[in-house]
Every structure is written in structure tokens, then in C-alpha cells.
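Enquirer: Supplied structure: coords-v3.cif, mmCIF, C-alpha atoms and all ligand atoms.
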```cif
data_final
#
loop_
_atom_site.label_atom_id
_atom_site.label_comp_id
_atom_site.auth_asym_id
_atom_site.auth_seq_id
_atom_site.Cartn_x
_atom_site.Cartn_y
_atom_site.Cartn_z
CA MET A 1 0.00 0.00 0.00
CA ILE A 2 1.21 3.51 -0.81
CA ASN A 3 2.03 5.57 2.27
CA ARG A 4 0.26 8.93 2.39
CA GLN A 5 3.46 10.56 3.63
CA ASN A 6 5.57 9.11 0.85
CA ILE A 7 3.95 9.52 -2.56
CA ASN A 8 6.45 9.68 -5.34
CA ILE A 9 4.91 10.24 -8.73
CA GLY A 10 6.29 9.51 -12.16
CA LEU A 11 4.27 11.71 -14.49
CA PHE A 12 3.83 11.04 -18.19
CA GLY A 13 2.83 14.12 -20.16
CA PHE A 14 2.98 17.79 -19.25
CA GLY A 15 0.17 19.27 -21.33
CA VAL A 16 -2.93 21.02 -20.02
CA VAL A 17 -3.76 18.37 -17.41
CA GLY A 18 -0.15 17.51 -16.48
CA LYS A 19 0.64 21.14 -15.72
CA GLY A 20 -2.75 21.42 -13.99
CA LEU A 21 -1.79 18.52 -11.72
CA TRP A 22 1.55 20.16 -10.91
CA ASP A 23 -0.24 23.37 -9.86
CA VAL A 24 -2.95 21.53 -7.93
CA LEU A 25 -0.38 19.50 -5.97
CA GLU A 26 1.49 22.67 -5.06
CA GLN A 27 -1.73 23.92 -3.51
CA THR A 28 -2.53 20.68 -1.66
CA PRO A 29 -0.06 20.60 1.23
CA GLY A 30 -2.11 17.98 3.11
CA LEU A 31 -1.13 15.31 0.62
CA LYS A 32 2.62 14.72 0.66
CA ALA A 33 2.75 13.95 -3.03
CA ASN A 34 5.88 14.73 -4.89
CA ILE A 35 6.29 14.65 -8.66
CA ARG A 36 9.70 13.06 -8.93
CA ARG A 37 10.12 12.87 -12.69
CA ILE A 38 8.16 13.90 -15.79
CA CYS A 39 8.50 12.06 -19.07
CA VAL A 40 7.63 14.11 -22.17
CA LYS A 41 7.93 13.56 -25.93
CA ASN A 42 8.61 16.99 -27.38
CA HIS A 43 12.26 18.05 -27.07
CA ASP A 44 11.71 21.61 -28.26
CA LYS A 45 8.69 22.74 -26.27
CA PRO A 46 9.52 25.39 -23.63
CA ARG A 47 8.69 24.12 -20.12
CA PRO A 48 7.25 26.37 -17.40
CA ILE A 49 9.08 24.60 -14.54
CA ASP A 50 12.67 23.57 -13.76
CA LEU A 51 14.04 21.36 -16.57
CA LYS A 52 15.67 19.02 -14.02
CA TYR A 53 12.31 17.24 -13.66
CA PHE A 54 12.07 16.26 -17.31
CA THR A 55 13.25 13.23 -19.21
CA PHE A 56 12.49 11.72 -22.62
CA GLU A 57 13.21 8.17 -21.41
CA LYS A 58 10.12 6.38 -20.14
CA ASP A 59 12.13 3.66 -18.40
CA GLU A 60 13.64 6.25 -16.08
CA LEU A 61 10.17 6.47 -14.51
CA LEU A 62 8.86 2.97 -15.06
CA PHE A 63 11.90 1.27 -13.53
CA ASP A 64 12.66 3.80 -10.81
CA PRO A 65 12.10 1.90 -7.52
CA GLY A 66 11.61 5.26 -5.78
CA ILE A 67 8.49 5.97 -7.83
CA ASN A 68 5.37 4.32 -6.42
CA ILE A 69 2.67 5.92 -8.60
CA ILE A 70 2.64 6.39 -12.35
CA VAL A 71 0.28 9.10 -13.55
CA GLU A 72 -0.33 8.78 -17.28
CA LEU A 73 -1.62 11.95 -18.96
CA ILE A 74 -0.41 11.66 -22.54
CA ASP A 75 -2.31 11.93 -25.77
CA ASP A 76 -1.23 8.88 -27.72
CA SER A 77 -3.49 6.04 -26.57
CA GLU A 78 -1.30 3.17 -27.79
CA ALA A 79 1.85 4.61 -26.17
CA ALA A 80 -0.24 5.17 -23.03
CA PHE A 81 -1.31 1.53 -22.96
CA GLU A 82 2.31 0.36 -23.18
CA ILE A 83 3.26 2.66 -20.30
CA VAL A 84 0.36 1.44 -18.15
CA LYS A 85 1.18 -2.22 -18.87
CA VAL A 86 4.83 -1.89 -17.86
CA ALA A 87 3.96 0.22 -14.82
CA MET A 88 1.47 -2.38 -13.59
CA SER A 89 3.85 -5.25 -14.22
CA ASN A 90 6.39 -3.37 -12.09
CA GLY A 91 3.92 -3.23 -9.22
CA LYS A 92 3.20 0.48 -9.42
CA GLY A 93 -0.22 1.98 -8.81
CA VAL A 94 -1.44 3.73 -11.94
CA VAL A 95 -3.69 6.73 -12.50
CA SER A 96 -4.78 7.61 -16.04
CA ALA A 97 -7.10 10.10 -17.72
CA ASN A 98 -6.88 8.48 -21.14
CA LYS A 99 -10.46 7.52 -22.04
CA LYS A 100 -9.56 6.30 -25.54
CA MET A 101 -6.88 3.97 -24.20
CA ILE A 102 -9.10 2.65 -21.40
CA ALA A 103 -12.13 2.13 -23.66
CA GLU A 104 -10.09 0.39 -26.35
CA HIS A 105 -8.21 -1.88 -23.93
CA LEU A 106 -10.74 -2.46 -21.18
CA GLU A 107 -10.59 -6.29 -21.23
CA GLU A 108 -6.78 -6.31 -21.18
CA LEU A 109 -6.71 -3.72 -18.41
CA LEU A 110 -9.07 -5.86 -16.33
CA ASP A 111 -6.75 -8.84 -16.83
CA LEU A 112 -3.67 -6.78 -15.91
CA GLN A 113 -5.31 -5.61 -12.68
CA LYS A 114 -6.08 -9.23 -11.76
CA LYS A 115 -2.68 -10.52 -12.76
CA TYR A 116 -0.54 -7.94 -11.00
CA GLN A 117 -2.97 -7.05 -8.18
CA VAL A 118 -2.19 -3.36 -8.54
CA PRO A 119 -4.75 -0.56 -8.49
CA PHE A 120 -5.55 1.26 -11.70
CA LEU A 121 -7.76 4.34 -11.28
CA TYR A 122 -9.17 6.65 -13.95
CA GLU A 123 -11.83 8.94 -12.54
CA ALA A 124 -10.53 11.83 -14.68
CA ALA A 125 -11.28 9.87 -17.85
CA CYS A 126 -15.06 10.41 -17.49
CA CYS A 127 -16.58 13.85 -16.95
CA ALA A 128 -13.42 15.30 -15.34
CA SER A 129 -14.53 16.81 -12.02
CA ILE A 130 -17.67 14.68 -11.54
CA PRO A 131 -16.89 11.58 -9.42
CA ILE A 132 -19.17 9.44 -11.54
CA ILE A 133 -17.06 6.28 -11.77
CA ARG A 134 -16.67 6.01 -8.03
CA ASN A 135 -20.38 6.61 -7.54
CA LEU A 136 -21.27 3.89 -10.03
CA GLU A 137 -18.74 1.58 -8.40
CA GLU A 138 -19.91 2.05 -4.85
CA TYR A 139 -23.61 2.61 -5.30
CA TYR A 140 -26.51 1.06 -7.22
CA ASP A 141 -25.72 -2.37 -5.91
CA ASN A 142 -29.17 -3.47 -4.97
CA ASP A 143 -31.26 -0.59 -6.25
CA LEU A 144 -31.02 -1.59 -9.86
CA LEU A 145 -29.72 1.05 -12.24
CA VAL A 146 -32.25 1.51 -15.00
CA SER A 147 -30.55 4.16 -17.08
CA LEU A 148 -27.67 6.54 -17.31
CA ALA A 149 -27.56 9.56 -19.60
CA GLY A 150 -25.04 12.32 -19.74
CA ILE A 151 -23.48 15.30 -21.36
CA VAL A 152 -20.00 13.83 -21.05
CA ASN A 153 -17.99 15.98 -23.45
CA GLY A 154 -17.13 19.51 -22.34
CA SER A 155 -15.93 20.83 -25.71
CA THR A 156 -19.09 20.04 -27.65
CA ASN A 157 -21.27 21.40 -24.87
CA TYR A 158 -19.18 24.56 -24.89
CA ILE A 159 -19.51 24.85 -28.69
CA LEU A 160 -23.28 24.23 -28.63
CA SER A 161 -23.76 26.76 -25.81
CA LYS A 162 -21.60 29.46 -27.40
CA THR A 163 -23.11 29.14 -30.87
CA ALA A 164 -26.68 29.19 -29.52
CA GLU A 165 -26.32 31.88 -26.87
CA ASP A 166 -23.42 34.11 -27.88
CA LYS A 167 -24.17 33.68 -31.60
CA ILE A 168 -20.54 33.03 -32.48
CA SER A 169 -19.68 30.69 -35.35
CA TYR A 170 -19.02 26.99 -34.92
CA GLU A 171 -15.38 27.48 -36.04
CA GLU A 172 -14.82 30.31 -33.55
CA ALA A 173 -16.40 28.32 -30.71
CA LEU A 174 -14.23 25.30 -31.51
CA MET A 175 -11.13 27.51 -31.57
CA LEU A 176 -12.05 28.90 -28.15
CA ALA A 177 -12.57 25.36 -26.81
CA GLN A 178 -9.10 24.49 -28.07
CA GLN A 179 -7.53 27.62 -26.59
CA LYS A 180 -9.10 26.90 -23.21
CA GLY A 181 -7.61 23.41 -23.24
CA TYR A 182 -10.99 21.63 -23.43
CA ALA A 183 -10.66 19.96 -26.82
CA GLU A 184 -8.68 16.87 -27.73
CA SER A 185 -5.57 17.51 -29.83
CA ASN A 186 -7.60 15.94 -32.63
CA PRO A 187 -10.90 17.81 -32.09
CA ALA A 188 -12.71 15.45 -34.49
CA LEU A 189 -12.81 13.06 -31.52
CA ASP A 190 -14.91 15.61 -29.63
CA VAL A 191 -17.21 16.90 -32.37
CA GLU A 192 -17.85 13.50 -33.96
CA GLY A 193 -18.86 11.98 -30.64
CA TYR A 194 -15.94 9.55 -30.26
CA ASP A 195 -14.73 11.02 -26.98
CA ALA A 196 -18.26 10.71 -25.57
CA LYS A 197 -18.40 7.13 -26.83
CA TYR A 198 -15.12 6.19 -25.13
CA LYS A 199 -16.48 7.63 -21.89
CA LEU A 200 -19.74 5.74 -22.31
CA THR A 201 -17.78 2.52 -22.90
CA ILE A 202 -16.06 3.03 -19.55
CA LEU A 203 -19.28 3.99 -17.76
CA LEU A 204 -21.00 0.87 -19.11
CA ALA A 205 -18.45 -1.31 -17.31
CA HIS A 206 -19.08 0.35 -13.97
CA ALA A 207 -22.82 0.91 -14.37
CA PHE A 208 -23.97 -2.31 -16.02
CA GLY A 209 -20.92 -4.60 -15.86
CA ILE A 210 -20.59 -4.57 -19.65
CA THR A 211 -17.21 -4.67 -21.38
CA ALA A 212 -18.06 -3.42 -24.84
CA GLU A 213 -15.78 -2.58 -27.74
CA PRO A 214 -16.20 1.11 -28.65
CA GLU A 215 -17.06 0.00 -32.22
CA GLN A 216 -20.20 -1.67 -30.87
CA ILE A 217 -21.60 1.69 -29.79
CA TYR A 218 -23.19 4.04 -32.33
CA ASN A 219 -21.94 7.61 -32.12
CA LEU A 220 -23.15 10.65 -33.93
CA GLY A 221 -21.58 13.96 -32.97
CA ILE A 222 -22.48 17.60 -33.56
CA GLN A 223 -20.62 17.94 -36.86
CA ARG A 224 -23.69 17.45 -39.04
CA LEU A 225 -25.88 20.04 -37.33
CA GLY A 226 -26.96 22.71 -39.77
CA PRO A 227 -28.61 26.14 -39.57
CA MET A 228 -32.11 24.81 -40.31
CA GLU A 229 -32.47 22.46 -37.34
CA LEU A 230 -30.62 24.86 -35.03
CA ARG A 231 -33.05 27.62 -36.02
CA ILE A 232 -36.07 25.37 -35.49
CA ALA A 233 -34.71 24.26 -32.12
CA ALA A 234 -34.20 27.88 -31.02
CA GLU A 235 -37.67 28.92 -32.25
CA LYS A 236 -39.28 26.16 -30.23
CA SER A 237 -37.12 26.97 -27.16
CA TYR A 238 -35.21 23.72 -27.36
CA LYS A 239 -31.49 23.32 -26.87
CA VAL A 240 -29.34 20.77 -28.67
CA LYS A 241 -27.13 18.66 -26.38
CA LEU A 242 -24.80 15.81 -27.22
CA ILE A 243 -25.92 12.99 -24.95
CA ALA A 244 -24.36 9.62 -24.27
CA GLN A 245 -26.87 7.19 -22.87
CA ALA A 246 -27.33 3.67 -21.71
CA CYS A 247 -30.63 2.17 -20.74
CA ARG A 248 -31.71 -1.24 -19.54
CA LEU A 249 -34.13 -2.79 -22.03
CA SER A 250 -34.73 -6.06 -20.23
CA ASP A 251 -32.92 -8.03 -17.56
CA ASN A 252 -29.74 -8.51 -19.51
CA LYS A 253 -30.03 -6.23 -22.55
CA VAL A 254 -28.83 -2.64 -22.55
CA ALA A 255 -29.21 0.07 -25.21
CA ALA A 256 -26.21 2.41 -25.54
CA PHE A 257 -25.47 5.22 -27.99
CA VAL A 258 -24.24 8.80 -28.39
CA MET A 259 -26.45 11.24 -30.32
CA PRO A 260 -27.38 14.90 -30.36
CA GLN A 261 -30.71 15.42 -28.64
CA LEU A 262 -33.31 18.19 -28.52
CA VAL A 263 -34.01 19.03 -24.89
CA ASN A 264 -36.59 21.41 -23.46
CA GLU A 265 -36.50 23.35 -20.22
CA LYS A 266 -38.04 20.46 -18.27
CA SER A 267 -34.89 18.43 -18.87
CA LEU A 268 -32.10 18.81 -16.34
CA PHE A 269 -29.68 18.85 -19.26
CA PHE A 270 -31.19 22.16 -20.40
CA SER A 271 -29.25 24.05 -17.72
CA VAL A 272 -25.95 22.23 -18.24
CA ASN A 273 -24.06 24.74 -20.36
CA ASP A 274 -20.57 25.78 -21.40
CA VAL A 275 -17.90 23.31 -20.29
CA PHE A 276 -20.13 21.66 -17.72
CA ASN A 277 -21.05 17.99 -17.89
CA GLY A 278 -24.13 16.43 -16.33
CA VAL A 279 -25.03 12.82 -15.71
CA GLN A 280 -28.50 11.59 -14.84
CA THR A 281 -28.99 8.18 -13.31
CA GLU A 282 -32.29 6.46 -12.80
CA THR A 283 -32.84 3.49 -10.52
CA SER A 284 -35.76 1.28 -9.63
CA PHE A 285 -36.36 2.85 -6.23
CA ALA A 286 -34.44 6.12 -5.95
CA ASP A 287 -35.90 7.48 -9.20
CA LYS A 288 -33.67 10.13 -10.82
CA GLN A 289 -30.41 11.61 -9.57
CA PHE A 290 -28.25 14.22 -11.24
CA PHE A 291 -24.51 14.89 -11.08
CA MET A 292 -23.07 18.08 -12.53
CA GLY A 293 -19.60 19.60 -12.73
CA LYS A 294 -16.95 20.94 -15.06
CA GLY A 295 -16.16 18.30 -17.66
CA ALA A 296 -12.85 19.48 -19.12
CA GLY A 297 -9.98 21.86 -18.51
CA ALA A 298 -6.79 21.82 -16.46
CA PHE A 299 -8.02 22.11 -12.87
CA PRO A 300 -11.31 20.17 -13.06
CA THR A 301 -9.46 17.24 -14.65
CA ALA A 302 -6.46 17.53 -12.34
CA SER A 303 -8.83 17.50 -9.35
CA ALA A 304 -10.01 14.02 -10.36
CA VAL A 305 -6.41 12.84 -10.87
CA LEU A 306 -5.57 14.23 -7.44
CA SER A 307 -8.50 12.37 -5.91
CA ASP A 308 -7.28 9.11 -7.50
CA ILE A 309 -3.73 9.67 -6.20
CA SER A 310 -5.17 10.21 -2.74
CA ALA A 311 -7.39 7.11 -3.08
CA LEU A 312 -4.32 4.97 -3.82
CA THR A 313 -3.02 5.82 -0.35
CA TYR A 314 -5.93 3.97 1.22
CA ASP A 315 -5.60 1.15 -1.27
CA TYR A 316 -8.79 1.95 -3.08
CA ARG A 317 -9.34 -0.06 -6.24
CA TYR A 318 -12.22 -0.69 -8.58
CA GLU A 319 -14.00 -3.96 -7.94
CA TYR A 320 -16.19 -3.95 -11.07
CA LYS A 321 -18.94 -5.42 -8.89
CA LYS A 322 -21.63 -5.27 -11.57
CA MET A 323 -19.59 -7.62 -13.75
CA ALA A 324 -19.84 -10.28 -11.09
CA GLN A 325 -23.51 -9.57 -10.35
CA GLN A 326 -24.93 -9.26 -13.83
CA SER A 327 -24.23 -10.62 -17.26
CA SER A 328 -25.60 -7.90 -19.50
CA CYS A 329 -24.89 -7.19 -23.12
CA LEU A 330 -25.68 -4.47 -25.64
CA SER A 331 -28.67 -4.61 -27.93
CA ASN A 332 -29.86 -2.44 -30.83
CA ASP A 333 -33.37 -3.84 -30.63
CA PHE A 334 -35.36 -0.78 -29.51
CA LEU A 335 -37.24 2.22 -30.89
CA ILE A 336 -36.21 5.87 -30.77
CA ASP A 337 -37.89 9.15 -31.71
CA VAL A 338 -35.91 11.26 -34.14
CA PHE A 339 -35.91 14.46 -36.17
CA VAL A 340 -34.05 13.97 -39.47
CA ARG A 341 -33.08 16.95 -41.66
CA TYR A 342 -32.11 16.23 -45.25
CA ASN A 343 -31.89 17.99 -48.58
CA ASN A 344 -33.11 16.96 -51.99
CA THR A 345 -30.01 14.95 -52.84
CA GLY A 346 -30.54 12.37 -50.13
CA ASP A 347 -34.03 11.03 -49.58
CA VAL A 348 -35.15 9.61 -46.24
CA PRO A 349 -37.99 7.17 -46.95
CA SER A 350 -40.98 7.30 -44.61
CA SER A 351 -41.26 3.54 -45.03
CA ASP A 352 -38.12 3.16 -42.87
CA PHE A 353 -40.07 4.57 -39.93
CA ILE A 354 -42.48 2.75 -37.62
CA SER A 355 -44.56 5.95 -37.52
CA VAL A 356 -44.15 9.47 -38.91
CA THR A 357 -45.61 12.45 -37.04
CA GLU A 358 -44.39 15.24 -39.32
CA LYS A 359 -42.91 15.58 -42.77
CA TYR A 360 -41.85 18.94 -44.19
CA LYS A 361 -40.29 20.03 -47.49
CA SER A 362 -39.00 23.49 -48.40
CA LEU A 363 -36.26 25.18 -50.41
CA GLU A 364 -34.22 25.54 -47.21
CA GLY A 365 -34.34 21.82 -46.54
CA ASN A 366 -36.63 18.94 -45.58
CA TYR A 367 -37.27 17.13 -42.39
CA ILE A 368 -39.10 14.12 -41.08
CA VAL A 369 -40.05 13.44 -37.48
CA GLY A 370 -40.93 9.95 -36.37
CA LYS A 371 -40.25 6.73 -34.55
CA ILE A 372 -37.70 4.33 -35.97
CA HIS A 373 -36.14 1.02 -35.05
CA PHE A 374 -32.57 1.74 -33.89
CA GLU A 375 -31.00 -1.11 -35.85
CA LYS A 376 -32.78 0.13 -38.99
CA LEU A 377 -31.51 3.66 -38.45
CA ILE A 378 -27.87 2.80 -37.92
CA ASN A 379 -27.77 0.43 -40.90
CA SER A 380 -29.59 2.66 -43.38
CA ASP A 381 -27.54 4.30 -46.11
CA TRP A 382 -29.13 7.70 -45.55
CA ALA A 383 -28.06 7.79 -41.89
CA LYS A 384 -24.45 7.43 -43.05
CA ASN A 385 -24.76 10.45 -45.36
CA PRO A 386 -22.77 13.28 -43.71
CA ASP A 387 -25.24 15.85 -45.15
CA ILE A 388 -28.11 14.35 -43.17
CA SER A 389 -28.58 15.49 -39.61
CA ILE A 390 -30.27 13.24 -37.04
CA LEU A 391 -31.41 14.36 -33.61
CA LEU A 392 -33.12 12.44 -30.88
CA THR A 393 -36.40 14.16 -29.93
CA SER A 394 -37.40 12.27 -26.85
CA ALA A 395 -35.51 11.52 -23.69
CA THR A 396 -37.85 8.73 -22.74
CA VAL A 397 -36.50 5.27 -22.17
CA PRO A 398 -36.28 3.55 -25.54
CA GLN A 399 -39.05 1.06 -26.10
CA THR A 400 -38.19 -2.47 -27.02
CA VAL A 401 -39.71 -3.71 -30.20
CA GLU A 402 -42.41 -6.24 -30.52
CA LEU A 403 -41.57 -7.48 -33.95
CA SER A 404 -44.46 -8.87 -35.91
CA VAL A 405 -42.27 -10.98 -38.18
N1 LIG B 501 -11.98 16.79 -24.83
C1 LIG B 501 -12.61 16.36 -23.63
C2 LIG B 501 -13.90 17.10 -23.45
C3 LIG B 501 -11.68 16.57 -22.47
O1 LIG B 501 -14.08 18.13 -24.10
O2 LIG B 501 -14.74 16.68 -22.67
C4 LIG B 501 -12.17 15.99 -21.17
O3 LIG B 501 -12.30 14.59 -21.25
#
```
What is this file in C-alpha cells?
Ligand code: HSE
Expert:
Amino acid sequence: MINRQNINIGLFGFGVVGKGLWDVLEQTPGLKANIRRICVKNHDKPRPIDLKYFTFEKDELLFDPGINIIVELIDDSEAAFEIVKVAMSNGKGVVSANKKMIAEHLEELLDLQKKYQVPFLYEAACCASIPIIRNLEEYYDNDLLVSLAGIVNGSTNYILSKTAEDKISYEEALMLAQQKGYAESNPALDVEGYDAKYKLTILLAHAFGITAEPEQIYNLGIQRLGPMELRIAAEKSYKVKLIAQACRLSDNKVAAFVMPQLVNEKSLFFSVNDVFNGVQTETSFADKQFFMGKGAGAFPTASAVLSDISALTYDYRYEYKKMAQQSSCLSNDFLIDVFVRYNNTGDVPSSDFISVTEKYKSLEGNYIVGKIHFEKLINSDWAKNPDISILLTSATVPQTVELSV
């Protein structure tokens, strides 16, 4: 077990979050945590602290017997996985914020934790400052979790808020999100919904005991949203939010996807703006609960890393209890309500829908509103057309389908 008075950290990466952690630790005298060495990739980048801390050799951290915690905050998910593997095999506790790496290697990371019996914590990988993983881990044991839905990406929420409220352009809002250190270095991961999907993959393990491959989860980001549907949303006092959700369909089947959604003021997500994230859980007995906090940026993310470092000193580790209790798997067999905007070059046939409540055609564009089988939607050619925008219109629990075939 790591002694609270003797925490020696080997830090990988000194970007927004790495520097944030440095600053946060300087302001946390209660925790005697010392960053002993920092491994970085870029030889030319100016560093804001004494150069004596830096190295370009990962083994100087991974094989240093004086280092008892490896904190991995780099961008490259494959390099991150290699670092985590070696660190664990050397008996070091590991803290990571790398959602892509964790989502893509979840099974292997579970095996490594079992094999080496070392803790691996990653609260900062989901919703930054919101302690959602630990809540899912420790709670909802007997009161069955029915659903989980969240704004889990700070950058896209910031972009959607700024374009709707401050009337700045999408490009300008994205640039601001990058300048503030919210966006991924490849911002396509944010705006196309991949970052949200990686986070949902991780949350599924802790909420429902499911180890899914990210490819199994459908993700649509905010990149297809156009002026027509944004105008209609504003006129009807709706906001557009990118929501990752998972919902129990039956005892062992769970629906999971990331899609933009129209929300009205009755939704708790309506008031989650700028870089804030919000997660709503629903259980059989407790009904709804809501967690909210800053979802990106140096200090909110570093605060979660700090909390994990502290948790290692009392030997906290994830138990993945739901995996032992339940054997759930993902299913695409359910219905959703959608608004689909398209132009005259890509038709969206009404016959693909279970029911259509509205169909509109104009020079500006066309739209169709209706209920569709999820599997049908994600496999249709039109849904793959980047000029066609699809938004969820209802936050209700997806209905399972009673197929008449
Ligand atoms: N790019 C991520 C986001 C960073 O905007 O939410 C935090 O995970």
C-alpha cells in the first residue's frame, strides 16, 4: 500500500492536465505527493518549470524503484497503454485520464489488474470533475440502475452553448474550446462523438458490468448540425445537447449510444451549459439523480487525478462489482424518436419509420419526425450520409420492439 506521507509520482505528459496537476499538488499541502520525474515527448517545447524534472526516457520512470505511482496523462493512446502495462507489471499503482486507451483496452486492463494485483484508477477519464465512476462503483448495488444519460464531453457542450447563446460561429467556438484546453488535440474526436463514446464505454463497465468494444456503440456527434435544425430548435425553445446514454431494455439487454438530442427546459440537461457535464442516473427505487460539474480543462481534470492519487493511499481499487452480479450485453433492438433533416439529394424514406408524425419540405431543406427502429436507423444508407442530420427528440427510455415478423 502507498504511504500517504511518501507519494512519489512519475508523471507522463505535461500538457494542459499535467501542468494542472503540478499546480494543484502545489496547492494541496495535506497530501505529501511529490512529482519526482516527468516524461515528455517533445524536445523543443519550452517548459514552465525547472528542466531538471524532465526526461524523454520512459524507463527512467517505469523502472525507478523510488516511484510508487505512475500518472499517465499523454495523448497517444497506444503509447499510453504500453506505459500502463509496464507500470502495472512493475507493481506500481497507476492513474490515467486516457479515455480512448481505457475504452479500447478495457478487457486487457481488467486482466492486468487481476494478474498484478495493482490498483488502476481513472476517474478523470469520465466527466473530469464529476466523481461518476466512483459513484457507479460504490452505489446502485441493490437498487437496480435503469438508465444513465449524460453530457459527457465539455468541448461540444461549450460549442453548442456558445453558438446558440453568444451567436458566435461553430469554427470560432471550436477555436475557443481548443484555446481553453478543453478539446482533444484531434478535435474530431470531440465533435464527432468519439470522446463521448469512449467515456460511455467506460461507464458501461461500472454501471452495467458490460465490457463493450467502442465500435459496438453508435456515435453521432455535432458535426452534421446545420442552420435549419438549429433555427427550429431555437424557435421552439429547445437546446441541442450531445448525450451519451445507456438504458436497460430487459434483464440482460442494454441500449447504448451517443447522439445529439433536442431538450426542453423540463430536462435537467437544459441548464448544463458551457464546459459543464451532467449525468442523470435512474434506478428502480431512488428514481432520478443528477450529477453536474466541469467536464474538461486543467483544474477540473487535475482534481479528479488528485483524488485518484489520494485514493491509492488507502488502497482503493475498482472492484467492477456489476460484472460479477450481472451478465448484461448491448442490444440495438429498440425504438427511438428522431428528427431527421435532409436535402433533396438524399431522400429519407418514410417507409423506414415505424410511424411518422411530421414531414416537411422546403427550399431551405426537408425534415421528417418519427419513430424508428434503432438497428434500422444505424444500418440505413441515408443515416451514413454526412449531409443528413439526425437528432433524438425524446428523452424517454427507448421502447423495445415487438416485432411482428
Ligand atoms: N476533450 C474532452 C472534453 C476533455 O471536451 O470533454 C475531457 O475529457
Enquirer: Which neighbours of Phe353 of chain A fall inside 10 Å, counting only C-alpha atoms, when residues of the same chain fewer than 6 positions from it are skipped, and could you give them as a VMD selection string?
Expert: chain A and resid 335 337 to 338 368 to 373 376 to 377
Enquirer: Just the residues within 6 Å of segment 314-321 of chain A, please, counting only C-alpha atoms, with nothing from its chain fewer than 4 positions along; format it as a VMD selection string.
Expert: chain A and resid 1 119 206
Enquirer: Counting all atoms listed in the file, what residues are within 10 Å of ligand LIG 501 (chain B), given as a VMD selection string?
Expert: chain A and resid 17 97 to 100 124 to 129 151 to 159 177 to 178 181 to 191 194 to 196 198 to 199 275 to 277 294 to 298 300 to 301
Enquirer: List every protein, DNA or RNA residue that has an atom no more than 12 Å from (-26.2, 16.9, -13.8) in the file's coordinate frame, counting all atoms listed in the file, and report them as a ChimeraX atom specification.
Expert: /A:127,129-132,148-152,243,267-273,276-281,288-295
Enquirer: Excluding Tyr367 of chain A and its own-chain neighbours fewer than 6 positions away, which residues fall within 9 Å of it when counting only C-alpha atoms? Please give them as a PyMOL selection string.
Expert: chain A and resi 229+339-343+348+358-361
Enquirer: If you measure from atom CA of Leu330 of chain A to atom CA of Asn252 of chain A, what distance in Å do you get, rounded to one decimal?
Expert: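 Between atom CA of Leu330 of chain A and atom CA of Asn252 of chain A the gap is 8.4 Å.
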Enquirer: Between atom CA of Val240 of chain A and atom CA of Ala164 of chain A, what is the spacing in Å?
Expert: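 Here the two named atoms are 8.9 Å from each other.
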Enquirer: Edge lengths and centre in Å to one decimal, as AutoDock Vina command-line options, is what I'm after for the box along x, y and z that holds all listed atoms of segment 272-282 of chain A once 4 Å is added on each side.
Expert:
```
--center_x -25.1 --center_y 16.1 --center_z -17.1 --size_x 22.4 --size_y 27.3 --size_z 16.6
```
Enquirer: Please identify all polymer residues within 12 Å of Gln113 of chain A, counting only C-alpha atoms, omitting same-chain residues fewer than 4 positions from it, and present them as a PDB file with C-alpha atoms, in the coordinates of the input.
Expert:
```pdb
ATOM      1  CA  VAL A  84       0.360   1.440 -18.150  1.00  0.00           C
ATOM      2  CA  LYS A  85       1.180  -2.220 -18.870  1.00  0.00           C
ATOM      3  CA  VAL A  86       4.830  -1.890 -17.860  1.00  0.00           C
ATOM      4  CA  ALA A  87       3.960   0.220 -14.820  1.00  0.00           C
ATOM      5  CA  MET A  88       1.470  -2.380 -13.590  1.00  0.00           C
ATOM      6  CA  SER A  89       3.850  -5.250 -14.220  1.00  0.00           C
ATOM      7  CA  ASN A  90       6.390  -3.370 -12.090  1.00  0.00           C
ATOM      8  CA  GLY A  91       3.920  -3.230  -9.220  1.00  0.00           C
ATOM      9  CA  LYS A  92       3.200   0.480  -9.420  1.00  0.00           C
ATOM     10  CA  GLY A  93      -0.220   1.980  -8.810  1.00  0.00           C
ATOM     11  CA  VAL A  94      -1.440   3.730 -11.940  1.00  0.00           C
ATOM     12  CA  LEU A 106     -10.740  -2.460 -21.180  1.00  0.00           C
ATOM     13  CA  GLU A 107     -10.590  -6.290 -21.230  1.00  0.00           C
ATOM     14  CA  GLU A 108      -6.780  -6.310 -21.180  1.00  0.00           C
ATOM     15  CA  LEU A 109      -6.710  -3.720 -18.410  1.00  0.00           C
ATOM     16  CA  GLN A 117      -2.970  -7.050  -8.180  1.00  0.00           C
ATOM     17  CA  VAL A 118      -2.190  -3.360  -8.540  1.00  0.00           C
ATOM     18  CA  PRO A 119      -4.750  -0.560  -8.490  1.00  0.00           C
ATOM     19  CA  PHE A 120      -5.550   1.260 -11.700  1.00  0.00           C
ATOM     20  CA  LEU A 121      -7.760   4.340 -11.280  1.00  0.00           C
ATOM     21  CA  ARG A 317      -9.340  -0.060  -6.240  1.00  0.00           C
ATOM     22  CA  TYR A 318     -12.220  -0.690  -8.580  1.00  0.00           C
ATOM     23  CA  GLU A 319     -14.000  -3.960  -7.940  1.00  0.00           C
ATOM     24  CA  TYR A 320     -16.190  -3.950 -11.070  1.00  0.00           C
TER      25      TYR A 320
END
```
Enquirer: If we count all atoms listed in the file, what is near segment 14-16 of chain A at a cut-off of 7 Å, once residues fewer than 2 positions away on the same chain are taken out, given as a list in words?
Expert: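 Residues near the query, excluding close chain neighbours: Phe12, Gly18, Lys19, Gly20, Val40, Gly181 and Ala298 of chain A.
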Enquirer: Which one is closest to Glu172 of chain A: A:His43, A:Leu391, A:Leu160, A:Tyr116? Count all atoms listed in the file.
Expert: A:Leu160
Enquirer: To one decimal in Å, tell me the separation between atom CA of Ser328 of chain A and atom CA of Lys253 of chain A.
Expert: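 Between atom CA of Ser328 of chain A and atom CA of Lys253 of chain A the gap is 5.6 Å.
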Enquirer: Take the point (-3.6, 8.1, -30.9) as written in the file and pick out every residue within 10 Å of it, counting all atoms listed in the file; give the list as a PyMOL selection string.
Expert: chain A and resi 74-80+100-101+185-186
Enquirer: From the list A:Ala324, A:Asp287, A:Leu242, A:Ala233, which residue is nearest Ala205 of chain A when using only C-alpha atoms?
Expert: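 Among the listed residues, the smallest separation from Ala205 of chain A belongs to A:Ala324.
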Enquirer: Nearest residue to Glu138 of chain A out of A:Ala207, A:Val95, A:Ala286, A:Leu112, using all atoms listed in the file?
Expert: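 Nearest to Glu138 of chain A: A:Ala207.
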